[in-house]
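Some notes on the structure that comes next.
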Amino acid sequence: MIAATAINMISVEGLKVEFGVKPLFSDATFVINNKERIALVGKNGAGKSTLLKILCGMERPTAGTVSVASETTIGYLPQVMILQDDTTVRQEAQKAFADIQKMADRIKRMERQLSERTDYESEEYMALVERFTNEHDRYQMLGAEGYEAELERTLMGLGFERSDFGRPTSEFSGGWRMRIELAKILLRRPDVLLLDEPTNHLDIESIQWLEQLLATWSGAVVLVSHDRAFINNVSNRTLEISCGQVIDYRVKYDEYVTLRKERREQQLRAYENQQKEMADIREFVERFRYKATKAVQVQQRLRQLEKMEIIEVDEVDNSAMHLKFPPCLRSGDYPVICDEVKKEYPLTSHPSPLASHLVFDHVNLTIKRGEKVAFVGKNGEGKSTLVKCIMGEIPFEGNLKIGHNVQIGYFAQNQAQLLDESLTVFQTIDNVATGDIRLRINDILGAFMFGGEASEKKVKVLSGGERSRLAMIRLLLEPVNLLILDEPTNHLDMPSKDVLKEAIRAFDGTAIIVSHDREFLDGLVTKVFEFGGGKVREHIGGIYDYLRDRGERIEVRGERIEVRGEKPEQQNYSLTPHPSPLTPHPSPLTSKESYTEHKEQQKRQKRAEKAVEECEKKIARMEQRLKELDTLLCDPKNASDMTLVTEYTDTKRQLDEEMERWGELSEELDKITDN
């Protein structure tokens, strides 16, 4: 698609959404600009998904307007969608290029007409030539000739193997089919991407691939995600829905968290001052209500009280709450020992009765008492399978020993189906809570998004995500000494994840955590077991140590991609292109002509390197100025300073132009280096 030239791609003014008596939000006004990557945040139920649906035109607001710039294209990925099952993976992904394919067919028809006609001098022939030229130029400008390569790169980046391309989509789980839908949206290259929890069904490698793609996306991105590392690495602006308002922070997510804390402290002080003022007014009214000489003043005070707009304070952050597991029985020194463990499944669809699929082989690992370890790797490499082997749910080959006095607490998605549907949320937890914890049940339920009336809901009316959260709370209150958690954060928001993380960190037993959430695992696990290629490899250290150990470049389905091993705040991005280690060394110079040619090439390379370096310095200066302007514009007293706004817009436009120039110069330098 041709990118929109307008800076403001979507303008929102006076937006209001009501579901019932109290609106989700009102008077929301903001614009979405080109190359902005916006994190849309707020507690569950605040209206994030609703806002995305309104932006893409799927729902209508109660009041207000959403204006989309002409020719702006929008791509929307919902959390749940109806998926097609009548094509192969490649055919389904190719639907992203339906318009391009129609264009290619038109070009072929015109080519055929041009070759068959002989009226070269006629006006009709010249008009046909002009139409063919325009259509062909547009086709090339869209990069359509390389769309098959782009299709394969995108599918492999999202975790598919080349061998998967010809398989029917019906053979894949819902999570994998959601990846196909995400691939289709990315391949269309829309001007605005609206993504609702895109990482829910991705593994760490696919998340990192998507993260890097979005960080350099040529259009705009609006993103809802509970993966803190992901949204922080992608975002450069944050929109928060809180207390019925949409508040705009022109900073990345981590910086927003700091600013929001300061804002809430200001709100709290203003709220306390207002409450004191209201109390003083009420006291005056009560004291002089029946005194005729004070009747006028009493009426003035009452009118003053009626006109007051009550200050609302942002929701209290439940992550400050502390939750501890109950004391557990001491287990043996080694709760889990695997010795030459092997698991393979027979292929029932294969003509040979001996055909089988090897999941893993020669698994040798020991988990010590008190260790917190992570199981990571691509989906389908055997993480959950080994967990089932440990639980004794499936047969396997080799020796797997569970230590002395080990009491296992297991959380998997199907655990939610084992809850008693006749009980309420509160009763479900009250039945397992003991001691002082029973006095804090409402606090615990609130921390996991079951506050207020939600605690009285029957289990049978809960959604799948709500049941998973309830099963997690139930597990936290059981006296176990070996925790096995399979994707525990999938249905938790950030405050809930913080509560869970702190509880596991303080847990004096052993924990095995299957997860792709880097921020959740960071500072929690001290050992990582990587599943891949039928093997299980042990990495000592945390999740970011593991990512660094794997190197800055990894192989993903035959494609080389960059992987940032460092934590986000430690990343060092370099614009300088590095020559490939696979570039062949030049052959020895054997003549004066080749020597002269070599010297000329060196001069061209130096000029190109100098141009790239100067361009990078300009980019650095402009980025620094944008940061300064961001800080100034975040200050309320500068909000109406149009000089700053104009400078910010002009600097951003110049930066975009300089980035494009840098890309061209770098490409030229690469060509010189390759020659």
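Labeling convention for the structure tokens: chains A, B, ... as they appear, residues from 1 per chain, ligands from 1 in order of appearance.
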Quiz item: Hey, what's within 12 Å of A:Trp176 if we count only C-alpha atoms and toss same-chain stuff fewer than 2 positions away? As a PyMOL selection string, please?
Solution: chain A and resi 83+89+155+158-161+164+168-174+178-183+198-203+206+378-380
Writer output for current selection, N, CA, C and O atoms, as a short mmCIF file (atom, residue, chain, number, x, y, z; two decimals), in the first residue's frame:
```cif
data_model
loop_
_atom_site.label_atom_id
_atom_site.label_comp_id
_atom_site.auth_asym_id
_atom_site.auth_seq_id
_atom_site.Cartn_x
_atom_site.Cartn_y
_atom_site.Cartn_z
N LEU A 83 -11.40 -17.84 12.13
CA LEU A 83 -10.32 -18.21 11.22
C LEU A 83 -10.80 -19.19 10.16
O LEU A 83 -11.68 -20.02 10.40
N VAL A 89 -1.10 -22.95 4.54
CA VAL A 89 -0.50 -21.79 5.20
C VAL A 89 -0.08 -20.75 4.16
O VAL A 89 -0.36 -19.56 4.30
N LEU A 155 6.57 -15.34 7.62
CA LEU A 155 6.08 -16.58 8.23
C LEU A 155 7.15 -17.25 9.08
O LEU A 155 6.88 -17.73 10.19
N LEU A 158 7.74 -15.48 12.34
CA LEU A 158 6.68 -15.77 13.31
C LEU A 158 6.67 -17.23 13.74
O LEU A 158 5.74 -17.66 14.44
N GLY A 159 7.69 -17.99 13.33
CA GLY A 159 7.87 -19.33 13.90
C GLY A 159 7.56 -20.51 13.00
O GLY A 159 7.72 -21.66 13.42
N PHE A 160 7.12 -20.29 11.76
CA PHE A 160 6.80 -21.41 10.87
C PHE A 160 8.06 -21.95 10.20
O PHE A 160 9.01 -21.20 9.93
N GLU A 161 8.07 -23.23 9.92
CA GLU A 161 9.12 -23.87 9.12
C GLU A 161 8.71 -23.82 7.65
O GLU A 161 7.53 -23.72 7.33
N ASP A 164 6.14 -26.18 6.70
CA ASP A 164 4.76 -25.91 7.11
C ASP A 164 3.95 -25.23 6.02
O ASP A 164 2.71 -25.22 6.08
N PRO A 168 -2.23 -27.83 5.42
CA PRO A 168 -3.54 -27.15 5.60
C PRO A 168 -3.56 -26.42 6.94
O PRO A 168 -3.03 -26.91 7.95
N THR A 169 -4.19 -25.26 6.97
CA THR A 169 -4.26 -24.49 8.22
C THR A 169 -5.06 -25.24 9.28
O THR A 169 -4.89 -25.00 10.48
N SER A 170 -5.94 -26.15 8.86
CA SER A 170 -6.76 -26.91 9.82
C SER A 170 -5.91 -27.81 10.71
O SER A 170 -6.38 -28.24 11.76
N GLU A 171 -4.66 -28.10 10.31
CA GLU A 171 -3.79 -28.95 11.13
C GLU A 171 -3.16 -28.19 12.28
O GLU A 171 -2.52 -28.79 13.16
N PHE A 172 -3.30 -26.86 12.29
CA PHE A 172 -2.64 -26.04 13.30
C PHE A 172 -3.62 -25.63 14.39
O PHE A 172 -4.83 -25.50 14.16
N SER A 173 -3.07 -25.37 15.58
CA SER A 173 -3.89 -24.92 16.71
C SER A 173 -4.34 -23.48 16.47
O SER A 173 -3.85 -22.79 15.58
N GLY A 174 -5.27 -23.01 17.32
CA GLY A 174 -5.75 -21.64 17.19
C GLY A 174 -4.64 -20.61 17.31
O GLY A 174 -4.65 -19.60 16.61
N MET A 178 -3.58 -17.83 14.53
CA MET A 178 -3.51 -16.39 14.82
C MET A 178 -2.20 -15.81 14.28
O MET A 178 -2.15 -14.66 13.84
N ARG A 179 -1.14 -16.61 14.29
CA ARG A 179 0.13 -16.14 13.72
C ARG A 179 -0.01 -15.90 12.21
O ARG A 179 0.57 -14.96 11.67
N ILE A 180 -0.78 -16.76 11.55
CA ILE A 180 -1.00 -16.56 10.11
C ILE A 180 -1.74 -15.25 9.87
O ILE A 180 -1.40 -14.49 8.96
N GLU A 181 -2.75 -14.97 10.71
CA GLU A 181 -3.49 -13.72 10.56
C GLU A 181 -2.59 -12.52 10.80
O GLU A 181 -2.67 -11.51 10.09
N LEU A 182 -1.70 -12.63 11.80
CA LEU A 182 -0.75 -11.54 12.06
C LEU A 182 0.18 -11.36 10.87
O LEU A 182 0.47 -10.22 10.46
N ALA A 183 0.64 -12.47 10.28
CA ALA A 183 1.51 -12.39 9.09
C ALA A 183 0.80 -11.67 7.95
O ALA A 183 1.39 -10.82 7.27
N PRO A 198 -0.69 -9.00 20.60
CA PRO A 198 -0.13 -9.81 19.52
C PRO A 198 0.84 -10.89 19.99
O PRO A 198 1.12 -11.83 19.25
N THR A 199 1.37 -10.78 21.22
CA THR A 199 2.39 -11.74 21.67
C THR A 199 1.79 -12.93 22.41
O THR A 199 2.52 -13.82 22.85
N ASN A 200 0.46 -12.98 22.56
CA ASN A 200 -0.17 -14.04 23.36
C ASN A 200 0.20 -15.44 22.90
O ASN A 200 0.28 -16.36 23.71
N HIS A 201 0.40 -15.62 21.59
CA HIS A 201 0.65 -16.96 21.07
C HIS A 201 2.05 -17.10 20.46
O HIS A 201 2.30 -18.00 19.67
N LEU A 202 2.96 -16.20 20.85
CA LEU A 202 4.32 -16.23 20.28
C LEU A 202 5.33 -16.70 21.32
O LEU A 202 5.15 -16.51 22.52
N ASP A 203 6.42 -17.33 20.82
CA ASP A 203 7.53 -17.70 21.70
C ASP A 203 8.53 -16.55 21.74
O ASP A 203 8.37 -15.53 21.06
N SER A 206 10.04 -15.39 18.32
CA SER A 206 9.07 -14.70 17.47
C SER A 206 8.74 -13.32 18.03
O SER A 206 8.54 -12.36 17.28
N LYS A 378 11.00 -22.62 21.16
CA LYS A 378 9.89 -22.44 20.23
C LYS A 378 8.72 -23.34 20.62
O LYS A 378 8.90 -24.40 21.21
N ASN A 379 7.53 -22.90 20.27
CA ASN A 379 6.34 -23.73 20.53
C ASN A 379 6.46 -25.05 19.77
O ASN A 379 6.87 -25.07 18.62
N GLY A 380 6.12 -26.14 20.45
CA GLY A 380 6.16 -27.45 19.81
C GLY A 380 7.47 -28.18 19.98
O GLY A 380 7.66 -29.27 19.44
#
```
Practice problem: Would you please extract all helix (DSSP H, G or I) residues from stretch 352-402 of chain A, as assigned by DSSP on the backbone, and give them as a ChimeraX atom specification? | Solution: /A:383-391
Quiz item: atom CA of A:Lys276 and atom CA of A:Ile247 are how many Å apart?
Solution: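 Between atom CA of A:Lys276 and atom CA of A:Ile247 the gap is 26.5 Å.
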Quiz prompt | Nearest residue to A:Cys389 from the set A:Lys618, A:Arg289, A:Lys401, A:Arg548 (distances using only C-alpha atoms) | solution =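 Closest to A:Cys389 of all the choices is A:Lys401.
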Near stretch 506-514 of chain A, counting only C-alpha atoms, which residues have an atom at most 6 Å away, once you skip same-chain residues fewer than 6 positions from it, shown as a short mmCIF file (atom, residue, chain, number, x, y, z; two decimals) with all heavy atoms, in the first residue's frame?
```cif
data_model
loop_
_atom_site.label_atom_id
_atom_site.label_comp_id
_atom_site.auth_asym_id
_atom_site.auth_seq_id
_atom_site.Cartn_x
_atom_site.Cartn_y
_atom_site.Cartn_z
N ARG A 369 16.80 -28.38 45.06
CA ARG A 369 15.78 -27.79 45.93
C ARG A 369 16.00 -26.27 46.04
O ARG A 369 17.11 -25.80 46.23
CB ARG A 369 15.84 -28.41 47.33
CG ARG A 369 14.72 -27.92 48.25
CD ARG A 369 14.82 -28.46 49.67
NE ARG A 369 15.99 -27.92 50.35
CZ ARG A 369 17.02 -28.65 50.73
NH1 ARG A 369 17.04 -29.95 50.46
NH2 ARG A 369 18.04 -28.10 51.34
N GLY A 370 14.91 -25.51 45.88
CA GLY A 370 14.98 -24.06 46.01
C GLY A 370 15.29 -23.33 44.72
O GLY A 370 15.18 -22.10 44.66
N GLU A 371 15.66 -24.06 43.65
CA GLU A 371 15.98 -23.40 42.39
C GLU A 371 14.70 -22.93 41.69
O GLU A 371 13.66 -23.58 41.77
CB GLU A 371 16.72 -24.35 41.44
CG GLU A 371 18.20 -24.46 41.73
CD GLU A 371 18.95 -25.23 40.65
OE1 GLU A 371 18.36 -26.17 40.07
OE2 GLU A 371 20.12 -24.90 40.39
N LYS A 372 14.82 -21.81 41.00
CA LYS A 372 13.76 -21.33 40.12
C LYS A 372 14.32 -21.40 38.69
O LYS A 372 15.29 -20.70 38.37
CB LYS A 372 13.37 -19.88 40.44
CG LYS A 372 13.17 -19.58 41.93
CD LYS A 372 11.96 -20.27 42.50
CE LYS A 372 11.62 -19.79 43.90
NZ LYS A 372 12.64 -20.05 44.94
N VAL A 373 13.74 -22.26 37.85
CA VAL A 373 14.28 -22.47 36.51
C VAL A 373 13.21 -22.19 35.47
O VAL A 373 12.01 -22.29 35.74
CB VAL A 373 14.83 -23.91 36.34
CG1 VAL A 373 15.85 -24.23 37.42
CG2 VAL A 373 13.70 -24.93 36.34
N ALA A 374 13.66 -21.86 34.26
CA ALA A 374 12.74 -21.58 33.15
C ALA A 374 12.91 -22.61 32.06
O ALA A 374 14.03 -23.02 31.76
CB ALA A 374 12.99 -20.17 32.60
N PHE A 375 11.80 -23.02 31.46
CA PHE A 375 11.81 -23.83 30.24
C PHE A 375 11.44 -22.89 29.09
O PHE A 375 10.35 -22.31 29.09
CB PHE A 375 10.76 -24.95 30.31
CG PHE A 375 11.15 -26.12 31.18
CD1 PHE A 375 12.34 -26.13 31.89
CD2 PHE A 375 10.32 -27.24 31.28
CE1 PHE A 375 12.70 -27.21 32.69
CE2 PHE A 375 10.67 -28.33 32.07
CZ PHE A 375 11.86 -28.31 32.78
N ASN A 481 5.70 -27.83 47.51
CA ASN A 481 7.12 -27.45 47.53
C ASN A 481 7.76 -27.53 46.14
O ASN A 481 8.94 -27.25 46.00
CB ASN A 481 7.91 -28.28 48.55
CG ASN A 481 7.69 -29.78 48.38
OD1 ASN A 481 7.45 -30.25 47.27
ND2 ASN A 481 7.77 -30.53 49.48
N LEU A 482 6.99 -27.95 45.12
CA LEU A 482 7.47 -27.89 43.74
C LEU A 482 6.36 -27.28 42.88
O LEU A 482 5.32 -27.90 42.66
CB LEU A 482 7.84 -29.28 43.22
CG LEU A 482 8.19 -29.35 41.71
CD1 LEU A 482 9.36 -28.43 41.36
CD2 LEU A 482 8.51 -30.79 41.29
N LEU A 483 6.60 -26.08 42.42
CA LEU A 483 5.64 -25.39 41.56
C LEU A 483 6.01 -25.65 40.10
O LEU A 483 7.16 -25.46 39.70
CB LEU A 483 5.71 -23.88 41.79
CG LEU A 483 4.81 -23.25 42.84
CD1 LEU A 483 5.11 -21.76 42.89
CD2 LEU A 483 3.34 -23.48 42.53
N ILE A 484 5.04 -26.05 39.29
CA ILE A 484 5.25 -26.18 37.85
C ILE A 484 4.18 -25.31 37.18
O ILE A 484 2.99 -25.59 37.26
CB ILE A 484 5.13 -27.63 37.37
CG1 ILE A 484 6.15 -28.52 38.10
CG2 ILE A 484 5.37 -27.71 35.87
CD1 ILE A 484 6.08 -29.99 37.72
N LEU A 485 4.63 -24.23 36.54
CA LEU A 485 3.71 -23.26 35.96
C LEU A 485 3.91 -23.21 34.45
O LEU A 485 4.98 -22.86 33.97
CB LEU A 485 3.96 -21.87 36.55
CG LEU A 485 3.96 -21.77 38.08
CD1 LEU A 485 4.29 -20.35 38.53
CD2 LEU A 485 2.62 -22.20 38.65
N ASP A 486 2.86 -23.58 33.71
CA ASP A 486 2.92 -23.60 32.24
C ASP A 486 2.20 -22.37 31.71
O ASP A 486 0.98 -22.27 31.77
CB ASP A 486 2.26 -24.89 31.72
CG ASP A 486 2.60 -25.16 30.25
OD1 ASP A 486 3.15 -24.25 29.60
OD2 ASP A 486 2.32 -26.26 29.77
N GLU A 487 2.97 -21.42 31.19
CA GLU A 487 2.45 -20.13 30.68
C GLU A 487 1.53 -19.46 31.71
O GLU A 487 0.35 -19.21 31.44
CB GLU A 487 1.71 -20.33 29.35
CG GLU A 487 2.57 -20.88 28.24
CD GLU A 487 3.63 -19.87 27.76
OE1 GLU A 487 3.69 -18.76 28.29
OE2 GLU A 487 4.41 -20.24 26.87
#
```
Quiz item: From the list A:Glu647, A:Asp443, A:Glu18, A:Asp420, which residue is nearest A:Arg625 when using only C-alpha atoms?
Solution: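 Comparing A:Glu647, A:Asp443, A:Glu18, A:Asp420 against A:Arg625, the winner is A:Glu647.
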I want to know what sits within 10 Å of A:Arg228, based on only C-alpha atoms, with residues of the same chain fewer than 5 positions away left out; could you give that as a compact mmCIF listing (two decimals) with N, CA, C and O atoms, in the first residue's frame?
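Saved result, result_12.txt, follows:
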```
# COMPACT_ATOMS: atom_id res chain seq x y z
N ASN A 233 10.19 -1.85 24.49
CA ASN A 233 11.15 -1.84 23.38
C ASN A 233 10.55 -1.30 22.10
O ASN A 233 11.27 -0.82 21.23
N TYR A 253 7.14 3.37 27.39
CA TYR A 253 6.38 2.83 28.52
C TYR A 253 7.10 3.00 29.85
O TYR A 253 6.50 3.43 30.84
N ASP A 254 8.39 2.67 29.93
CA ASP A 254 9.11 2.76 31.20
C ASP A 254 9.10 4.17 31.77
O ASP A 254 8.93 4.37 32.98
N ASP A 493 -2.76 -9.17 33.88
CA ASP A 493 -2.27 -7.85 33.52
C ASP A 493 -0.97 -7.60 34.28
O ASP A 493 -0.52 -8.43 35.08
N MET A 494 -0.35 -6.45 34.07
CA MET A 494 0.98 -6.21 34.64
C MET A 494 1.00 -6.20 36.18
O MET A 494 1.88 -6.82 36.78
N ASP A 517 7.67 -14.75 28.58
CA ASP A 517 7.64 -13.37 29.06
C ASP A 517 8.99 -13.03 29.70
O ASP A 517 9.27 -13.39 30.85
N ARG A 518 9.83 -12.31 28.96
CA ARG A 518 11.18 -12.01 29.44
C ARG A 518 11.18 -11.20 30.72
O ARG A 518 11.97 -11.46 31.64
N GLU A 519 10.31 -10.19 30.80
CA GLU A 519 10.28 -9.32 31.98
C GLU A 519 9.86 -10.11 33.21
O GLU A 519 10.37 -9.89 34.31
N PHE A 520 8.92 -11.04 33.05
CA PHE A 520 8.48 -11.86 34.17
C PHE A 520 9.60 -12.77 34.66
O PHE A 520 9.81 -12.93 35.87
```
Quiz item: For A:Lys368, which residue among A:Tyr120, A:Tyr345, A:Tyr334, A:Phe531 is the nearest when counting only C-alpha atoms?
Solution: A:Tyr334
Practice problem: Mind checking which residues fall within 10 Å of A:Thr216, counting only C-alpha atoms, ignoring those fewer than 5 positions away in the same chain, and posting them as a list of chain:residue names? | Solution: A:Lys35, A:Arg37, A:Glu211, A:Val234
Any chance you could list, as a compact mmCIF listing (two decimals) with N, CA, C and O atoms, in the first residue's frame, the residues in stretch 156-213 of chain A that come up strand (DSSP E) when DSSP is run on the backbone?
```txt
# COMPACT_ATOMS: atom_id res chain seq x y z
N VAL A 192 -1.36 2.21 9.37
CA VAL A 192 -1.58 2.18 10.82
C VAL A 192 -1.84 0.74 11.24
O VAL A 192 -2.72 0.08 10.69
N LEU A 193 -1.07 0.26 12.19
CA LEU A 193 -1.24 -1.09 12.75
C LEU A 193 -1.92 -0.98 14.10
O LEU A 193 -1.44 -0.26 14.99
N LEU A 194 -3.03 -1.69 14.29
CA LEU A 194 -3.72 -1.76 15.58
C LEU A 194 -3.62 -3.21 16.06
O LEU A 194 -4.24 -4.09 15.48
N LEU A 195 -2.84 -3.45 17.10
CA LEU A 195 -2.55 -4.82 17.55
C LEU A 195 -3.01 -5.02 18.99
O LEU A 195 -2.55 -4.34 19.90
N ASP A 196 -3.92 -5.98 19.18
CA ASP A 196 -4.46 -6.28 20.51
C ASP A 196 -3.85 -7.59 21.01
O ASP A 196 -4.21 -8.67 20.55
```
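Minimum atom-to-atom distances from A:Gly219, A:Gly523, A:Gly533, A:Gly451 to A:His362 were compared using only C-alpha atoms, and the lowest value belongs to A:Gly533.
Distance-wise, atom CA of A:Phe132 and atom CA of A:Thr73 end up 24.8 Å apart.
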Quiz prompt | 12 Å contact set for A:Glu309, only C-alpha atoms, chain neighbours under 4 positions out, as a list in words | solution = Ala270, Tyr271, Gln274, Gln275, Met278, Gln304 and Leu305 of chain A
Give me a file of those residues, with C-alpha atoms, as a tab-separated table (two decimals), in the first residue's frame.
```
chain	number	residue	atom	x	y	z
A	270	ALA	CA	-5.21	17.72	45.18
A	271	TYR	CA	-7.87	15.17	46.24
A	274	GLN	CA	-10.42	19.19	48.06
A	275	GLN	CA	-11.79	16.75	50.63
A	278	MET	CA	-15.49	20.15	51.33
A	304	GLN	CA	-20.09	26.21	45.99
A	305	LEU	CA	-20.31	22.57	47.08
```
Self-check item: Residue contacts of A:Ile402 (12 Å, only C-alpha atoms) excluding same-chain residues fewer than 3 positions away, as JSON, numbers by chain
Solution: {"A": [331, 332, 333, 334, 335, 336, 337, 338, 339, 366, 367, 368, 369, 389, 390, 391, 392, 399, 405, 406, 407, 408, 482]}
Practice problem: Using only C-alpha atoms, find the one residue out of A:Arg167, A:Ala63, A:Gly534, A:Leu128 that sits nearest to A:Glu92. | Solution: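 Smallest distance to A:Glu92 is found for A:Arg167.
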